[in-house]
Amino acid sequence: MKLVKVAYIVAFVTAGLIVVSAFMNAIVFVPLALIPLIAGIGIMHRRVWSAYGYALFQFAQLLLLPVALFRSGTALHLPQIVANAVLTVGLTILFLLAGRSLQAAGSKRGLATPWIAISALCIVPLIFVQPFIIPSAAMADTLLVGDRVLVQRWPRPNPSRDDIVVFLYPLDRRQVYVKRVIGEPGDHIHIANKVVFRNGAPLTEPYAVHKTTYVDTYRDNFPSVPTVSLKEEALAMLANNVVNGEVLVPENNYFVMGDNRDDSADSRYWGFV
């Protein structure tokens, strides 16, 4: 039964690592340590489905790895995803063999239903939503640094005006940005004295804040002559998409801004999404 002993030791170590990682990064994940902890205790007490159940839980996570690869939108995350896949396969096999060993020894079966439910509840929702931690103050005071949000991923939503969207930064897809949709395809956008106009009408934006006292003619009266160095995409936007002093949002693109208007790197500085 040496394999069984290895299995429950690995389960306990995994629970400990989850707790340490949660305290270092996001304490909200501490309850996840209960899953390997319960599995380890069950295996110690010779419950077959404590081993099979944790194997099922690991296998369910394995099913999410293609989703993670698809969501990354880039091969930059491939080495990490492959490493996670190898580890998950190893754990799945370990606990599956531990379950077979317990079953061969005539151990008590235990309950299968709770493990099936745990696997489904921990994995299925992540097919539809993805958790994010707000990385910057660009959306303050609506969203603060460190706030955690769940973002709908499937069915794939169609962004609309004033929606808050999470997306891979177009100029560096290793970064995730959070902004508000200001302009859809076909919209005309301009800013006058910090007031945003869309299709000629001023927007009522109770969520927008201005936290500086100085005037930046480009930031506060857009589009205009840049006062800072802009990305090439923003320069192309100013050269090709300005009509009668307004930015015309092209097809399949969106103009986005942060709610913290004076401290937001957004479409004014790097172009459309």
# chains A, B, ... in the order shown; residues from 1 in each chain; ligands from 1

$ closest_atom_pairs --of "stretch 239-267 of chain A" --to "stretch 183-193 of chain A" --cutoff "7 Å" --atoms "only C-alpha atoms" --output "CSV"
residue,atom,partner,partner_atom,distance
A:Glu246,CA,A:His190,CA,5.0
A:Val247,CA,A:Ile189,CA,5.1
A:Leu248,CA,A:His188,CA,4.7
A:Val249,CA,A:Pro185,CA,4.9
A:Pro250,CA,A:Pro185,CA,5.2
A:Glu251,CA,A:Pro185,CA,4.9
A:Asn252,CA,A:Pro185,CA,6.3
A:Asn253,CA,A:Pro185,CA,5.9
A:Tyr254,CA,A:Glu184,CA,5.1
A:Phe255,CA,A:Gly183,CA,4.7
A:Val256,CA,A:Gly183,CA,6.8

$ write_last_selection --atoms "all heavy atoms" --output "short mmCIF file (atom, residue, chain, number, x, y, z; two decimals), in the first residue's frame"
data_model
loop_
_atom_site.label_atom_id
_atom_site.label_comp_id
_atom_site.auth_asym_id
_atom_site.auth_seq_id
_atom_site.Cartn_x
_atom_site.Cartn_y
_atom_site.Cartn_z
N GLU A 246 -13.55 64.99 -35.26
CA GLU A 246 -13.99 63.88 -34.42
C GLU A 246 -13.36 62.57 -34.91
O GLU A 246 -13.11 62.41 -36.11
CB GLU A 246 -15.51 63.73 -34.45
CG GLU A 246 -16.27 64.94 -33.91
CD GLU A 246 -17.76 64.73 -33.97
OE1 GLU A 246 -18.26 64.34 -35.05
OE2 GLU A 246 -18.44 64.95 -32.95
N VAL A 247 -13.13 61.64 -33.98
CA VAL A 247 -12.62 60.32 -34.36
C VAL A 247 -13.80 59.47 -34.80
O VAL A 247 -14.78 59.32 -34.07
CB VAL A 247 -11.88 59.66 -33.18
CG1 VAL A 247 -11.66 58.17 -33.46
CG2 VAL A 247 -10.55 60.34 -32.94
N LEU A 248 -13.70 58.91 -36.00
CA LEU A 248 -14.71 58.00 -36.52
C LEU A 248 -14.24 56.57 -36.26
O LEU A 248 -13.20 56.15 -36.78
CB LEU A 248 -14.93 58.23 -38.01
CG LEU A 248 -15.85 57.23 -38.73
CD1 LEU A 248 -17.25 57.24 -38.13
CD2 LEU A 248 -15.90 57.52 -40.23
N VAL A 249 -14.99 55.84 -35.46
CA VAL A 249 -14.60 54.47 -35.10
C VAL A 249 -14.85 53.55 -36.29
O VAL A 249 -15.99 53.45 -36.76
CB VAL A 249 -15.38 53.97 -33.86
CG1 VAL A 249 -14.89 52.58 -33.46
CG2 VAL A 249 -15.23 54.96 -32.70
N PRO A 250 -13.82 52.86 -36.78
CA PRO A 250 -14.01 52.01 -37.97
C PRO A 250 -14.70 50.69 -37.62
O PRO A 250 -14.89 50.34 -36.45
CB PRO A 250 -12.57 51.76 -38.45
CG PRO A 250 -11.73 51.91 -37.23
CD PRO A 250 -12.41 52.94 -36.36
N GLU A 251 -15.07 49.96 -38.66
CA GLU A 251 -15.71 48.65 -38.48
C GLU A 251 -14.81 47.71 -37.69
O GLU A 251 -13.59 47.74 -37.83
CB GLU A 251 -16.05 48.03 -39.84
CG GLU A 251 -17.20 48.70 -40.56
CD GLU A 251 -18.52 48.58 -39.79
OE1 GLU A 251 -18.79 47.48 -39.25
OE2 GLU A 251 -19.25 49.58 -39.72
N ASN A 252 -15.44 46.88 -36.89
CA ASN A 252 -14.75 45.85 -36.11
C ASN A 252 -13.76 46.43 -35.10
O ASN A 252 -12.83 45.74 -34.68
CB ASN A 252 -14.01 44.86 -37.04
CG ASN A 252 -14.94 44.18 -38.02
OD1 ASN A 252 -16.03 43.74 -37.66
ND2 ASN A 252 -14.53 44.11 -39.27
N ASN A 253 -13.98 47.68 -34.71
CA ASN A 253 -13.11 48.33 -33.73
C ASN A 253 -13.96 49.04 -32.68
O ASN A 253 -15.13 49.36 -32.92
CB ASN A 253 -12.17 49.33 -34.40
CG ASN A 253 -11.05 48.66 -35.17
OD1 ASN A 253 -9.97 48.45 -34.67
ND2 ASN A 253 -11.32 48.33 -36.43
N TYR A 254 -13.32 49.31 -31.54
CA TYR A 254 -13.98 50.04 -30.46
C TYR A 254 -13.03 51.09 -29.92
O TYR A 254 -11.81 50.91 -29.91
CB TYR A 254 -14.39 49.09 -29.32
CG TYR A 254 -15.44 48.08 -29.73
CD1 TYR A 254 -15.07 46.87 -30.31
CD2 TYR A 254 -16.80 48.35 -29.56
CE1 TYR A 254 -16.04 45.94 -30.70
CE2 TYR A 254 -17.77 47.44 -29.94
CZ TYR A 254 -17.37 46.24 -30.52
OH TYR A 254 -18.32 45.34 -30.91
N PHE A 255 -13.61 52.20 -29.47
CA PHE A 255 -12.85 53.25 -28.80
C PHE A 255 -13.13 53.11 -27.31
O PHE A 255 -14.30 53.16 -26.89
CB PHE A 255 -13.27 54.63 -29.30
CG PHE A 255 -12.41 55.76 -28.81
CD1 PHE A 255 -11.31 56.17 -29.53
CD2 PHE A 255 -12.69 56.40 -27.61
CE1 PHE A 255 -10.51 57.22 -29.08
CE2 PHE A 255 -11.89 57.44 -27.15
CZ PHE A 255 -10.79 57.85 -27.89
N VAL A 256 -12.09 52.91 -26.51
CA VAL A 256 -12.27 52.64 -25.08
C VAL A 256 -11.50 53.65 -24.25
O VAL A 256 -10.47 54.19 -24.68
CB VAL A 256 -11.81 51.20 -24.72
CG1 VAL A 256 -12.62 50.17 -25.48
CG2 VAL A 256 -10.32 51.01 -24.99
#

$ select_by_dssp --residues "stretch 41-167 of chain A" --states "strand (DSSP E)" --output "list in words"
Val129, Gln130, Pro131, Phe132, Ile133, Arg148, Val149, Leu150, Val151, Gln152, Ile164, Val165, Val166 and Phe167 of chain A

$ write_last_selection --atoms "N, CA, C and O atoms" --output "PDB file, in the first residue's frame"
ATOM      1  N   VAL A 129     -17.055  31.798 -17.525  1.00  0.00           N
ATOM      2  CA  VAL A 129     -16.504  33.050 -16.998  1.00  0.00           C
ATOM      3  C   VAL A 129     -15.026  32.856 -16.686  1.00  0.00           C
ATOM      4  O   VAL A 129     -14.549  31.733 -16.538  1.00  0.00           O
ATOM      5  N   GLN A 130     -14.314  33.976 -16.586  1.00  0.00           N
ATOM      6  CA  GLN A 130     -12.893  33.940 -16.254  1.00  0.00           C
ATOM      7  C   GLN A 130     -12.613  34.995 -15.188  1.00  0.00           C
ATOM      8  O   GLN A 130     -13.028  36.149 -15.324  1.00  0.00           O
ATOM      9  N   PRO A 131     -11.915  34.617 -14.114  1.00  0.00           N
ATOM     10  CA  PRO A 131     -11.617  35.598 -13.057  1.00  0.00           C
ATOM     11  C   PRO A 131     -10.441  36.487 -13.447  1.00  0.00           C
ATOM     12  O   PRO A 131      -9.485  36.036 -14.087  1.00  0.00           O
ATOM     13  N   PHE A 132     -10.499  37.752 -13.053  1.00  0.00           N
ATOM     14  CA  PHE A 132      -9.411  38.696 -13.261  1.00  0.00           C
ATOM     15  C   PHE A 132      -9.223  39.540 -12.012  1.00  0.00           C
ATOM     16  O   PHE A 132     -10.181  39.783 -11.260  1.00  0.00           O
ATOM     17  N   ILE A 133      -8.002  39.985 -11.793  1.00  0.00           N
ATOM     18  CA  ILE A 133      -7.696  40.939 -10.732  1.00  0.00           C
ATOM     19  C   ILE A 133      -7.353  42.265 -11.399  1.00  0.00           C
ATOM     20  O   ILE A 133      -6.525  42.310 -12.320  1.00  0.00           O
ATOM     21  N   ARG A 148     -11.451  42.009  -7.620  1.00  0.00           N
ATOM     22  CA  ARG A 148     -11.589  40.776  -8.399  1.00  0.00           C
ATOM     23  C   ARG A 148     -12.930  40.767  -9.115  1.00  0.00           C
ATOM     24  O   ARG A 148     -13.948  41.057  -8.506  1.00  0.00           O
ATOM     25  N   VAL A 149     -12.882  40.432 -10.391  1.00  0.00           N
ATOM     26  CA  VAL A 149     -14.104  40.420 -11.191  1.00  0.00           C
ATOM     27  C   VAL A 149     -14.194  39.106 -11.965  1.00  0.00           C
ATOM     28  O   VAL A 149     -13.181  38.459 -12.232  1.00  0.00           O
ATOM     29  N   LEU A 150     -15.410  38.718 -12.288  1.00  0.00           N
ATOM     30  CA  LEU A 150     -15.652  37.594 -13.180  1.00  0.00           C
ATOM     31  C   LEU A 150     -16.115  38.143 -14.518  1.00  0.00           C
ATOM     32  O   LEU A 150     -17.045  38.947 -14.579  1.00  0.00           O
ATOM     33  N   VAL A 151     -15.471  37.705 -15.585  1.00  0.00           N
ATOM     34  CA  VAL A 151     -15.743  38.231 -16.914  1.00  0.00           C
ATOM     35  C   VAL A 151     -16.370  37.143 -17.775  1.00  0.00           C
ATOM     36  O   VAL A 151     -15.867  36.015 -17.837  1.00  0.00           O
ATOM     37  N   GLN A 152     -17.478  37.459 -18.412  1.00  0.00           N
ATOM     38  CA  GLN A 152     -18.131  36.491 -19.300  1.00  0.00           C
ATOM     39  C   GLN A 152     -17.251  36.219 -20.513  1.00  0.00           C
ATOM     40  O   GLN A 152     -16.793  37.140 -21.198  1.00  0.00           O
ATOM     41  N   ILE A 164     -18.192  47.709 -19.547  1.00  0.00           N
ATOM     42  CA  ILE A 164     -16.814  47.525 -19.103  1.00  0.00           C
ATOM     43  C   ILE A 164     -16.308  46.235 -19.728  1.00  0.00           C
ATOM     44  O   ILE A 164     -16.957  45.190 -19.631  1.00  0.00           O
ATOM     45  N   VAL A 165     -15.163  46.305 -20.384  1.00  0.00           N
ATOM     46  CA  VAL A 165     -14.632  45.148 -21.092  1.00  0.00           C
ATOM     47  C   VAL A 165     -13.207  44.846 -20.622  1.00  0.00           C
ATOM     48  O   VAL A 165     -12.457  45.742 -20.237  1.00  0.00           O
ATOM     49  N   VAL A 166     -12.869  43.563 -20.651  1.00  0.00           N
ATOM     50  CA  VAL A 166     -11.519  43.094 -20.342  1.00  0.00           C
ATOM     51  C   VAL A 166     -10.962  42.494 -21.620  1.00  0.00           C
ATOM     52  O   VAL A 166     -11.625  41.695 -22.277  1.00  0.00           O
ATOM     53  N   PHE A 167      -9.737  42.873 -21.994  1.00  0.00           N
ATOM     54  CA  PHE A 167      -9.199  42.426 -23.272  1.00  0.00           C
ATOM     55  C   PHE A 167      -7.678  42.369 -23.208  1.00  0.00           C
ATOM     56  O   PHE A 167      -7.047  42.964 -22.320  1.00  0.00           O
TER      57      PHE A 167
END

$ closest_residue --among "A:Gly271, A:Gln58, A:Pro36, A:Ile18" --to "A:Ser119" --atoms "only C-alpha atoms"
A:Gln58

$ residues_around --residues "A:Pro114" --least-positions-apart "6" --cutoff "10 Å" --atoms "only C-alpha atoms" --output "JSON list (two decimals) with all heavy atoms, in the first residue's frame"
[["chain", "number", "residue", "atom", "x", "y", "z"],
["A", 49, "TRP", "N", -13.22, 6.02, -3.04],
["A", 49, "TRP", "CA", -13.62, 7.16, -3.84],
["A", 49, "TRP", "C", -12.95, 8.47, -3.42],
["A", 49, "TRP", "O", -13.05, 9.48, -4.12],
["A", 49, "TRP", "CB", -15.14, 7.31, -3.88],
["A", 49, "TRP", "CG", -15.65, 6.83, -5.19],
["A", 49, "TRP", "CD1", -16.15, 5.60, -5.49],
["A", 49, "TRP", "CD2", -15.65, 7.57, -6.42],
["A", 49, "TRP", "NE1", -16.47, 5.52, -6.82],
["A", 49, "TRP", "CE2", -16.18, 6.71, -7.42],
["A", 49, "TRP", "CE3", -15.25, 8.84, -6.78],
["A", 49, "TRP", "CZ2", -16.31, 7.11, -8.74],
["A", 49, "TRP", "CZ3", -15.40, 9.25, -8.11],
["A", 49, "TRP", "CH2", -15.92, 8.38, -9.07],
["A", 50, "SER", "N", -12.24, 8.49, -2.31],
["A", 50, "SER", "CA", -11.43, 9.66, -1.98],
["A", 50, "SER", "C", -10.27, 9.78, -2.97],
["A", 50, "SER", "O", -9.89, 10.87, -3.38],
["A", 50, "SER", "CB", -10.89, 9.56, -0.56],
["A", 50, "SER", "OG", -11.94, 9.70, 0.37],
["A", 53, "GLY", "N", -12.05, 10.12, -6.56],
["A", 53, "GLY", "CA", -12.66, 11.44, -6.66],
["A", 53, "GLY", "C", -11.64, 12.53, -6.95],
["A", 53, "GLY", "O", -11.88, 13.42, -7.77],
["A", 120, "ALA", "N", -17.57, 19.14, -10.95],
["A", 120, "ALA", "CA", -18.39, 19.93, -11.86],
["A", 120, "ALA", "C", -18.48, 21.39, -11.41],
["A", 120, "ALA", "O", -18.33, 22.31, -12.23],
["A", 120, "ALA", "CB", -19.79, 19.33, -11.95]]

$ residues_around --residues "A:Arg268" --least-positions-apart "2" --cutoff "10 Å" --atoms "only C-alpha atoms" --output "number ranges by chain"
A: 218-219, 222-223, 226, 230-231, 234-235, 237-238, 247, 255-257, 264-266, 270-272

$ closest_residue --among "A:Lys194, A:Val178, A:Asn158, A:Gln80" --to "A:Val145" --atoms "only C-alpha atoms"
A:Val178

$ select_by_dssp --residues "stretch 37-130 of chain A" --states "alpha helix (DSSP H)" --output "VMD selection string"
chain A and resid 37 to 44 48 to 72 78 to 104 113 to 123 125 to 128

$ atom_distance --atom1 "atom CA of A:Gly40" --atom2 "atom CA of A:Val4"
9.7 Å

$ closest_residue --among "A:Val28, A:Leu96, A:Val6, A:Leu87" --to "A:Tyr54" --atoms "only C-alpha atoms"
A:Leu96

$ closest_residue --among "A:Leu32, A:Arg173, A:Leu91, A:Pro206" --to "A:Cys122" --atoms "only C-alpha atoms"
A:Leu32

$ residues_around --residues "A:Ala85" --least-positions-apart "2" --cutoff "10 Å" --atoms "only C-alpha atoms" --output "list in words"
Gln58, Phe59, Gln61, Leu62, Leu63, Leu64, Leu65, Pro66, Pro79, Gln80, Ile81, Val82, Ala83, Leu87, Thr88, Val89, Gly90 and Leu91 of chain A
